[in-house]
Structure formats: structure tokens, C-alpha cells
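Student: Pasting protein18.txt here (compact mmCIF, C-alpha atoms):
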```
# COMPACT_ATOMS: atom_id res chain seq x y z
CA MET I 1 -12.00 36.22 -9.61
CA GLY I 2 -14.04 33.18 -10.59
CA PHE I 3 -15.99 31.56 -13.36
CA GLU I 4 -19.24 29.75 -13.92
CA CYS I 5 -19.79 26.60 -15.91
CA ALA I 6 -23.10 26.25 -17.72
CA ASN I 7 -23.10 22.50 -17.20
CA PRO I 8 -20.78 21.59 -14.29
CA SER I 9 -21.86 17.93 -14.23
CA GLY I 10 -21.16 17.57 -17.95
CA TRP I 11 -17.76 19.20 -17.53
CA ARG I 12 -16.89 16.82 -14.72
CA ARG I 13 -17.89 13.79 -16.77
CA GLU I 14 -15.84 15.04 -19.72
CA TRP I 15 -12.84 15.67 -17.45
CA ALA I 16 -13.15 12.21 -15.88
CA SER I 17 -13.50 10.58 -19.32
CA ARG I 18 -10.44 12.40 -20.69
CA THR I 19 -8.40 11.50 -17.61
CA LEU I 20 -9.28 7.82 -17.92
CA HIS I 21 -8.47 7.86 -21.64
CA ASN I 22 -5.04 9.39 -21.01
CA ARG I 23 -4.35 6.94 -18.21
CA THR I 24 -5.41 4.03 -20.41
CA GLU I 25 -2.83 5.06 -23.01
CA LEU I 26 -0.21 5.32 -20.30
CA LEU I 27 -1.18 1.90 -18.98
CA GLU I 28 -0.63 0.37 -22.43
CA GLN I 29 2.82 1.96 -22.63
CA GLN I 30 3.69 0.75 -19.12
CA ARG I 31 2.45 -2.76 -19.94
CA ASP I 32 4.82 -2.96 -22.91
CA ALA I 33 7.71 -1.57 -20.86
CA TYR I 34 7.15 -4.04 -18.01
CA ALA I 35 6.98 -6.96 -20.45
CA GLN I 36 10.37 -6.00 -21.83
CA LEU I 37 11.88 -5.95 -18.34
CA LYS I 38 10.89 -9.61 -17.84
CA LEU I 39 10.32 -9.08 -14.10
CA GLU I 40 6.83 -10.57 -13.96
CA ARG I 41 5.83 -12.60 -10.90
CA PRO I 42 3.28 -15.14 -12.21
CA GLY I 43 0.38 -16.03 -9.98
CA ALA I 44 -3.05 -14.92 -8.82
CA TYR I 45 -3.00 -12.50 -5.92
CA LEU I 46 -5.30 -10.43 -3.72
CA HIS I 47 -4.62 -6.87 -2.61
CA ALA I 48 -6.71 -4.99 -0.03
CA VAL I 49 -7.73 -1.33 -0.03
CA ASN I 50 -9.75 0.67 2.45
CA LEU I 51 -12.29 2.94 0.78
CA GLN I 52 -11.74 5.56 3.49
CA ASP I 53 -8.09 5.90 2.42
CA MET I 54 -8.34 6.97 -1.21
CA ALA I 55 -4.70 8.05 -1.39
CA ARG I 56 -3.73 4.37 -1.46
CA TRP I 57 -6.04 3.31 -4.28
CA ASN I 58 -6.48 6.42 -6.41
CA ASN I 59 -3.92 5.21 -8.95
CA PHE I 60 -5.95 2.03 -9.43
CA VAL I 61 -8.90 4.29 -10.27
CA LEU I 62 -6.92 6.31 -12.79
CA ALA I 63 -4.92 3.60 -14.49
CA GLY I 64 -5.82 0.18 -13.13
CA TRP I 65 -2.37 -0.30 -11.62
CA HIS I 66 -0.45 0.76 -8.54
CA VAL I 67 3.28 1.19 -7.92
CA ALA I 68 5.15 0.42 -4.69
CA PRO I 69 7.61 2.98 -3.32
CA GLY I 70 10.46 0.51 -3.85
CA TRP I 71 9.82 0.52 -7.60
CA ALA I 72 11.18 4.09 -7.73
CA ALA I 73 14.69 2.64 -7.68
CA ILE I 74 14.51 1.80 -11.41
CA ASP I 75 11.66 3.94 -12.76
CA PRO I 76 12.95 7.20 -14.30
CA ALA I 77 9.55 8.76 -13.66
CA PHE I 78 10.53 8.86 -9.96
CA ALA I 79 13.99 10.42 -10.42
CA GLY I 80 15.12 11.99 -7.16
CA TYR I 81 12.77 9.87 -5.07
CA GLU I 82 14.38 9.03 -1.74
CA SER I 83 14.37 5.30 -1.12
CA VAL I 84 13.57 4.12 2.38
CA ARG I 85 16.33 1.56 1.94
CA ASP I 86 18.86 4.41 1.94
CA VAL I 87 17.47 6.17 5.02
CA SER I 88 19.20 5.52 8.35
CA MET I 89 17.29 3.84 11.15
CA GLU I 90 17.80 6.93 13.30
CA ARG I 91 16.15 9.15 10.71
CA LEU I 92 13.33 6.66 10.12
CA ARG I 93 12.60 6.86 13.82
CA ASP I 94 12.73 10.62 14.25
CA ASP I 95 12.23 12.32 10.88
CA PRO I 96 11.38 9.95 8.00
CA PRO I 97 10.88 11.39 4.49
CA LEU I 98 7.27 12.18 3.64
CA ASN I 99 7.27 10.04 0.52
CA VAL I 100 7.48 6.82 2.57
CA THR I 101 3.84 7.26 3.58
CA SER I 102 2.68 5.75 0.29
CA ALA I 103 3.46 2.34 1.82
CA PHE I 104 1.05 1.05 4.49
CA SER I 105 3.73 0.01 7.00
CA ALA I 106 5.85 3.12 6.41
CA ASP I 107 2.84 5.31 7.15
CA ARG I 108 2.85 3.84 10.65
CA VAL I 109 6.51 4.79 11.01
CA TYR I 110 5.84 8.33 9.79
CA SER I 111 2.83 8.77 12.10
CA ALA I 112 4.80 7.41 15.05
CA ALA I 113 7.57 9.95 14.38
CA ILE I 114 5.00 12.77 14.51
CA ILE I 115 3.70 11.53 17.85
CA ARG I 116 7.24 11.06 19.16
CA ARG I 117 7.95 14.73 18.39
CA GLY I 118 4.87 15.85 20.33
CA GLY I 119 2.48 16.11 17.38
CA HIS I 120 -0.98 14.59 16.99
CA ILE I 121 -2.68 12.39 14.40
CA GLY I 122 -6.26 12.84 13.27
CA ARG I 123 -8.82 11.53 10.78
CA GLY I 124 -10.42 13.81 8.25
CA ILE I 125 -9.47 17.21 6.83
CA ASP I 126 -12.41 19.56 7.33
CA ASP I 127 -13.75 18.09 10.57
CA THR I 128 -10.69 16.37 11.98
CA THR I 129 -11.23 13.76 14.68
CA TRP I 130 -8.03 13.53 16.70
CA LEU I 131 -6.83 10.20 18.02
CA THR I 132 -7.16 9.58 21.73
CA SER I 133 -4.05 9.15 23.84
CA ASP I 134 -4.64 5.38 23.89
CA GLU I 135 -4.98 5.28 20.10
CA GLU I 136 -1.81 7.30 19.69
CA ALA I 137 0.02 4.97 22.07
CA GLU I 138 -1.07 1.96 19.99
CA LEU I 139 -0.01 3.69 16.76
CA LEU I 140 3.33 4.57 18.31
CA ARG I 141 3.90 0.93 19.23
CA LYS I 142 2.97 -0.22 15.70
CA GLY I 143 5.49 2.22 14.28
CA ASP I 144 8.15 1.03 16.68
CA ILE I 145 7.52 -2.61 15.72
CA GLU I 146 7.83 -1.75 12.03
CA LEU I 147 11.20 -0.18 12.82
CA VAL I 148 12.30 -3.35 14.64
CA PHE I 149 11.37 -5.46 11.61
CA GLU I 150 13.10 -3.07 9.20
CA ALA I 151 16.26 -3.21 11.30
CA GLY I 152 15.93 -7.00 11.31
CA ARG I 153 15.58 -7.11 7.54
CA ARG I 154 18.75 -5.08 7.10
CA HIS I 155 20.61 -7.58 9.28
CA VAL I 156 19.02 -10.91 8.29
CA ALA I 157 17.95 -10.42 4.66
CA PRO I 158 19.25 -7.11 3.26
CA GLU I 159 18.16 -8.02 -0.29
CA ALA I 160 14.58 -8.79 0.74
CA ALA I 161 11.71 -6.45 -0.03
CA SER I 162 11.22 -3.91 2.73
CA ARG I 163 7.87 -3.69 4.49
CA LEU I 164 8.36 0.08 4.32
CA ALA I 165 8.70 0.10 0.53
CA SER I 166 6.25 -2.62 -0.51
CA LEU I 167 2.67 -3.27 -1.47
CA PHE I 168 1.16 -6.30 0.28
CA VAL I 169 -0.65 -9.16 -1.43
CA ALA I 170 -1.85 -12.63 -0.53
CA ASP I 171 -2.71 -15.70 -2.60
CA ASP I 172 -6.03 -15.47 -4.42
CA THR I 173 -7.50 -18.33 -2.42
CA PRO I 174 -10.03 -18.56 0.40
CA GLU I 175 -7.09 -18.85 2.81
CA GLY I 176 -5.45 -15.78 1.30
CA GLU I 177 -8.66 -13.79 1.64
CA ARG I 178 -9.01 -14.78 5.29
CA ASN I 179 -5.39 -13.83 5.88
CA LEU I 180 -5.85 -10.33 4.43
CA ARG I 181 -9.03 -9.71 6.38
CA LYS I 182 -7.37 -10.87 9.58
CA MET I 183 -4.35 -8.65 8.91
CA LEU I 184 -6.37 -5.54 8.12
CA GLY I 185 -9.52 -6.01 10.18
CA GLY I 186 -13.12 -6.70 9.25
CA SER I 187 -14.11 -3.18 8.20
CA PHE I 188 -16.99 -2.87 5.72
CA ASP I 189 -14.77 -0.36 3.88
CA LEU I 190 -12.20 -3.06 3.10
CA TRP I 191 -12.19 -4.21 -0.54
CA LEU I 192 -10.18 -7.13 -1.84
CA LEU I 193 -8.93 -6.67 -5.40
CA ARG I 194 -7.68 -9.37 -7.74
CA VAL I 195 -4.30 -8.31 -9.08
CA GLU I 196 -1.34 -9.55 -11.05
CA ILE I 197 2.30 -8.55 -10.70
CA PRO I 198 3.66 -7.57 -14.13
CA ALA I 199 6.99 -6.51 -12.65
CA ALA I 200 8.81 -6.50 -9.31
CA ILE I 201 12.41 -5.83 -8.43
CA ARG I 202 11.96 -7.51 -5.05
CA PHE I 203 9.39 -10.08 -3.95
CA THR I 204 9.49 -11.63 -0.48
CA ARG I 205 7.23 -14.18 1.18
CA ALA I 206 6.74 -14.14 4.95
CA ASP I 207 4.43 -15.77 7.48
CA THR I 208 2.61 -12.89 9.13
CA ARG I 209 2.07 -14.93 12.30
CA TRP I 210 5.69 -14.14 13.28
CA LEU I 211 4.69 -10.47 13.31
CA ASP I 212 1.64 -11.27 15.44
CA ALA I 213 3.78 -13.31 17.81
CA TYR I 214 6.22 -10.42 18.22
CA TRP I 215 3.34 -8.12 19.07
CA GLU I 216 2.33 -10.46 21.91
CA HIS I 217 5.83 -11.38 23.11
CA PRO I 218 8.70 -9.35 21.57
CA ARG I 219 11.48 -11.79 20.73
CA GLU I 220 14.31 -11.50 18.24
CA GLU I 221 13.52 -15.03 17.03
CA CYS I 222 10.22 -13.78 15.57
CA VAL I 223 11.98 -11.15 13.49
CA THR I 224 14.67 -13.53 12.27
CA LYS I 225 12.25 -16.25 11.22
CA TYR I 226 9.91 -13.74 9.54
CA TRP I 227 12.74 -12.59 7.27
CA SER I 228 14.04 -16.15 6.83
CA GLU I 229 10.66 -17.04 5.27
CA LYS I 230 10.16 -19.76 7.87
CA PRO I 231 6.59 -21.06 8.38
CA PHE I 232 5.11 -20.47 11.81
CA PRO I 233 4.97 -23.69 13.90
CA ALA I 234 1.19 -24.08 13.79
CA LYS I 235 -1.36 -25.59 11.43
CA GLY I 236 -2.29 -23.78 8.25
CA ASP I 237 -0.44 -20.81 6.83
CA ARG I 238 -0.73 -17.05 6.68
CA TRP I 239 1.66 -16.06 3.95
CA GLU I 240 1.92 -12.47 2.85
CA TYR I 241 3.97 -11.26 -0.10
CA LEU I 242 5.93 -8.01 -0.04
CA VAL I 243 6.10 -6.51 -3.51
CA GLU I 244 8.54 -3.78 -4.46
CA GLY I 245 7.00 -3.52 -7.87
CA VAL I 246 3.74 -3.02 -9.73
CA LEU I 247 0.24 -4.35 -9.13
CA ARG I 248 -2.33 -4.38 -11.91
CA MET I 249 -6.02 -5.12 -11.47
CA VAL I 250 -7.27 -8.05 -13.55
CA SER I 251 -11.04 -7.75 -13.05
CA LYS I 252 -12.73 -5.15 -15.25
CA LYS I 253 -15.83 -5.44 -13.08
CA GLN I 254 -13.87 -4.65 -9.92
CA LEU I 255 -12.10 -1.78 -11.64
CA ALA I 256 -15.42 -0.28 -12.76
CA LYS I 257 -16.78 -0.49 -9.20
CA LEU I 258 -13.64 1.08 -7.77
CA ARG I 259 -13.76 3.90 -10.32
CA ARG I 260 -17.37 4.58 -9.36
CA ALA I 261 -16.34 4.72 -5.70
CA GLY I 262 -13.52 7.10 -6.61
CA ALA I 263 -15.87 9.36 -8.56
CA LEU I 264 -18.25 9.49 -5.61
CA ALA I 265 -15.37 10.29 -3.25
CA LEU I 266 -14.41 13.23 -5.47
CA GLY I 267 -17.98 14.49 -5.66
CA LEU I 268 -18.35 13.75 -9.38
CA ASN I 269 -21.69 13.01 -11.00
CA VAL I 270 -21.81 9.31 -11.71
CA SER I 271 -25.42 8.99 -12.83
CA ASP I 272 -26.19 7.30 -16.12
CA GLU I 273 -28.02 10.39 -17.43
```
The structure given in the file should be rewritten as C-alpha cells.
Tutor:
Amino acid sequence: MGFECANPSGWRREWASRTLHNRTELLEQQRDAYAQLKLERPGAYLHAVNLQDMARWNNFVLAGWHVAPGWAAIDPAFAGYESVRDVSMERLRDDPPLNVTSAFSADRVYSAAIIRRGGHIGRGIDDTTWLTSDEEAELLRKGDIELVFEAGRRHVAPEAASRLASLFVADDTPEGERNLRKMLGGSFDLWLLRVEIPAAIRFTRADTRWLDAYWEHPREECVTKYWSEKPFPAKGDRWEYLVEGVLRMVSKKQLAKLRRAGALALGLNVSDE
């Protein structure tokens, strides 16, 4: 059983327009609610998205804002959501809950658990390209390091934002932009978005060079100083901010470009006709 649409492109445009209108109304309601909470973190920040990973920026397309997994702790819309902060380290290693994958670092932990159980990780749905054994080994190590830092957080700074439940931002400065690009690679698919933080229940600053140093030479000192918000003993800075809260895009021009990219990714007609 099926149906035909006389004007499929027009239907898609109408659907996209209605969706954006509904999300805009929701955004206004959320903005008022966040203002009442008085949890704003003033400042100008940059957030990075990879256009090949739409799952992590689709909510920006729909509403202009994005919510970290950690925010579920106080948002009734996420009732029943299992917080990574309540999951044991043993389970995070072997069988983490699926919902943690909405955070970049937690996705590494989840993927590592799949590999650890004998599974495989691939890119793409229709024509999947499976990771090589070397790529899986590197992903497994990244997941293991994230577990080390989560265990360290629970010991050193239990009230800090978790890397596994946070969205990452940097200062909206040339240095902050360089930091994000260095952290996430120089892919042409990487977009830096200007954002504000209207609300956050946890907000932690850390020098990402401690994480890099641990990757090169695993030492407990690196973990402790990362969570102690100590600057790395070298010139300059590479601060990252872990946000268990909400990010909202501030540039209408950037939002329009991202929505166009989202429409193209979904196969919608985005012509001006």
C-alpha cells in the first residue's frame, strides 16, 4: 500500500516550514523557562560540529539550540533518562546505556564497548565502510582513556561536569578556534558555531593539553590536574569548557546555513523556486 503526492517538493517544503515554525515556538518557551532558572553562563563561545555526523547537530537545525545529556537531570522532558553519572564504571566499560552516545566522548566509550565484546564499528548505513583493525584499536584506546578520565573525575572532582554528559565549547577567540580545530582535526566538514549558554547545571573548565599528555605518557598526574582545572606548564592555553546544559546559536546567518545543510542531508528541495 502506498500513495503518490502531486507535488512532493512542495510537500517537503511545507513540512520543513511547519517543523521550523513549531520548533521556533518551542524555542521561545524554552528561552523563557531557562531565564527563570537563572543558570546562564555569560560569555561568547564556539562549538564545533561535523557535517558528516548530523545526529549531533540536527537539534540546532530544528530549534537553534542543543541540549547536553547531563541536562536531563532537571528537565522533565527527559523523565526516565539514565544519567551517565549514575552508571557504574564496570557497566560503562562493558555495556553502557545507548543514550550516552549523544555526547561526543561517551560515544567513544560506547563504541569501545562494542569492540570489546567482539563487535565492529562502521561508517554509513546503506554502504557501510567498516573500520580497519588498526582504526578499531585506536578507537578502543580512546574509549579506555575516556573511562580513565571519568573515573578520575569521580575521585578528584565529583561535582564537575562529566566529559561523558557534556557538550564542549571553547572561547570565541582566535585561540579558542585554534584549540577546537586542534582537538577535532582539520576536516573540511568541521563547522564552528557561535553559541551562548542560557543555562547549565554544571560548567567545568579544563586544559585539554593534560588529556593530550596522558595520551602520550599515561600518568595519574595528568588526570588529577585536568580535573583540578590546572593550566598546563607551557606557554599559551588550550581551555575547553564542559557544559552539562544548553547551547543556543547566536548567529542567524550560521543557523540559516546549517539548516540548508540539514535540508540537503535529508534530501529536501532547498531551491529558491
Student: I'd like the interatomic distance between atom CA of I:Gln254 and atom CA of I:Ser162, to a tenth of an Å.
Tutor: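 Here the two named atoms are 28.1 Å from each other.
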Student: Would you compute the distance between atom CA of I:Cys222 and atom CA of I:Ala234? Give it in Å to one decimal.
Tutor: 13.8 Å
Student: Could you check which of I:Arg202, I:Pro158, I:Leu46, I:Ile115 is closest to I:Pro174, using only C-alpha atoms?
Tutor: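 For I:Pro174, the nearest of the given residues is I:Leu46.
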Student: Quick check, in Å to one decimal: how far apart do atom CA of I:Tyr34 and atom CA of I:Gly80 lie?
Tutor: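 Those two atoms sit 20.9 Å apart.
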Student: Could you give me, as a PyMOL selection string, the residues within 12 Å of I:Trp227, counting only C-alpha atoms and dropping anything in the same chain fewer than 2 positions from it?
Tutor: chain I and resi 148-163+203-208+210-211+220-225+229-232+240-242
Student: Copy stretch 210-234 of chain I out of the block into a file, keeping N, CA and C atoms, as a tab-separated table (two decimals), in the first residue's frame.
Tutor:
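selection.tsv was written with the following content:
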```tsv
chain	number	residue	atom	x	y	z
I	210	TRP	N	46.37	18.44	29.14
I	210	TRP	CA	46.56	17.33	30.08
I	210	TRP	C	46.06	16.02	29.47
I	211	LEU	N	44.97	16.11	28.71
I	211	LEU	CA	44.46	14.92	28.02
I	211	LEU	C	45.44	14.45	26.95
I	212	ASP	N	45.99	15.40	26.20
I	212	ASP	CA	46.99	15.06	25.18
I	212	ASP	C	48.22	14.42	25.82
I	213	ALA	N	48.62	14.98	26.95
I	213	ALA	CA	49.81	14.45	27.63
I	213	ALA	C	49.58	13.03	28.11
I	214	TYR	N	48.37	12.76	28.58
I	214	TYR	CA	48.05	11.39	29.03
I	214	TYR	C	48.09	10.43	27.86
I	215	TRP	N	47.63	10.87	26.72
I	215	TRP	CA	47.66	10.02	25.53
I	215	TRP	C	49.10	9.60	25.19
I	216	GLU	N	50.04	10.54	25.35
I	216	GLU	CA	51.45	10.25	25.04
I	216	GLU	C	52.12	9.44	26.15
I	217	HIS	N	51.86	9.83	27.39
I	217	HIS	CA	52.50	9.16	28.54
I	217	HIS	C	51.48	9.05	29.66
I	218	PRO	N	50.76	7.96	29.76
I	218	PRO	CA	49.69	7.81	30.77
I	218	PRO	C	50.23	7.97	32.19
I	219	ARG	N	49.80	9.06	32.83
I	219	ARG	CA	50.19	9.30	34.22
I	219	ARG	C	48.98	9.83	34.98
I	220	GLU	N	48.84	9.40	36.21
I	220	GLU	CA	47.72	9.83	37.04
I	220	GLU	C	47.72	11.33	37.24
I	221	GLU	N	48.92	11.93	37.26
I	221	GLU	CA	49.04	13.37	37.46
I	221	GLU	C	48.25	14.13	36.39
I	222	CYS	N	48.26	13.64	35.17
I	222	CYS	CA	47.56	14.33	34.07
I	222	CYS	C	46.06	14.37	34.34
I	223	VAL	N	45.52	13.27	34.84
I	223	VAL	CA	44.10	13.19	35.12
I	223	VAL	C	43.74	14.12	36.28
I	224	THR	N	44.54	14.09	37.33
I	224	THR	CA	44.27	14.90	38.51
I	224	THR	C	44.31	16.39	38.17
I	225	LYS	N	45.30	16.82	37.42
I	225	LYS	CA	45.43	18.24	37.12
I	225	LYS	C	44.38	18.70	36.10
I	226	TYR	N	43.95	17.81	35.21
I	226	TYR	CA	42.87	18.14	34.29
I	226	TYR	C	41.62	18.51	35.09
I	227	TRP	N	41.26	17.66	36.06
I	227	TRP	CA	40.04	17.89	36.83
I	227	TRP	C	40.22	18.94	37.92
I	228	SER	N	41.46	19.31	38.21
I	228	SER	CA	41.72	20.38	39.18
I	228	SER	C	41.74	21.74	38.50
I	229	GLU	N	41.50	21.76	37.17
I	229	GLU	CA	41.49	22.98	36.36
I	229	GLU	C	42.83	23.71	36.41
I	230	LYS	N	43.91	22.92	36.49
I	230	LYS	CA	45.24	23.49	36.50
I	230	LYS	C	45.71	23.75	35.06
I	231	PRO	N	46.35	24.90	34.80
I	231	PRO	CA	46.89	25.14	33.45
I	231	PRO	C	48.10	24.26	33.19
I	232	PHE	N	48.25	23.83	31.96
I	232	PHE	CA	49.38	23.01	31.58
I	232	PHE	C	50.65	23.87	31.64
I	233	PRO	N	51.78	23.30	32.09
I	233	PRO	CA	53.01	24.09	32.24
I	233	PRO	C	53.70	24.36	30.90
I	234	ALA	N	53.05	25.13	30.06
I	234	ALA	CA	53.63	25.54	28.78
I	234	ALA	C	52.99	26.86	28.38
```
